[in-house]
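Asker: What follows is a structure written as structure tokens; I'll ask about it next.
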Amino acid sequence: MVFNNFGVPGTVYTTADKLIANGQPIRVFGVHEIYGAGAVGSVLRNGQDATGTIYVQLTATDSTGVSTHFNEGMLFPDGCFYDEGTSVTSAAIICHAEA
């Protein structure tokens, strides 16, 4: 699978807060999350920790899976930090490191 001219993306799997790219530019193409009861959406931040600027607030739905897609990819110039929401069981982040 190839997205535009970005090459083949990789997938990062996590069950907790996760630094996706440590200070390097990264393009995120999508996120798939599995939620339990009492779900609160996760946040994708530009930066290396939970103090980074919020770029995306993901929508949560109790006891289901939710996929969010960015067709052209969302660029995080200072790296990307996945700030996991409440009741997230797992998440898969589809991304590609920029050169």
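Residue numbers start at 1 in each chain; chains themselves are named A, B, ... in the order of the structure tokens; ligands are numbered from 1 in the order shown.
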Excluding A:Val56 and residues on its chain fewer than 5 positions from it, collect all residues at most 8 Å away from it, counting only C-alpha atoms, and give them as a list in words.
Answerer: Val43, Leu44 and Arg45 of chain A
Asker: Keeping only C-alpha atoms, write the selected residues as a PDB file, in the first residue's frame.
Answerer:
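File written: selection.pdb
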```
ATOM      1  CA  VAL A  43      -5.133  13.503  21.562  1.00  0.00           C
ATOM      2  CA  LEU A  44      -2.341  13.718  18.983  1.00  0.00           C
ATOM      3  CA  ARG A  45       0.164  16.381  20.015  1.00  0.00           C
TER       4      ARG A  45
END
```
Asker: Please identify the strand (DSSP E or B) residues within chain A (assignment by DSSP from backbone atoms) and present them as a ChimeraX atom specification.
Answerer: /A:10-14,18-22,26-35,43-46,53-57,65-76,79-83,88-97
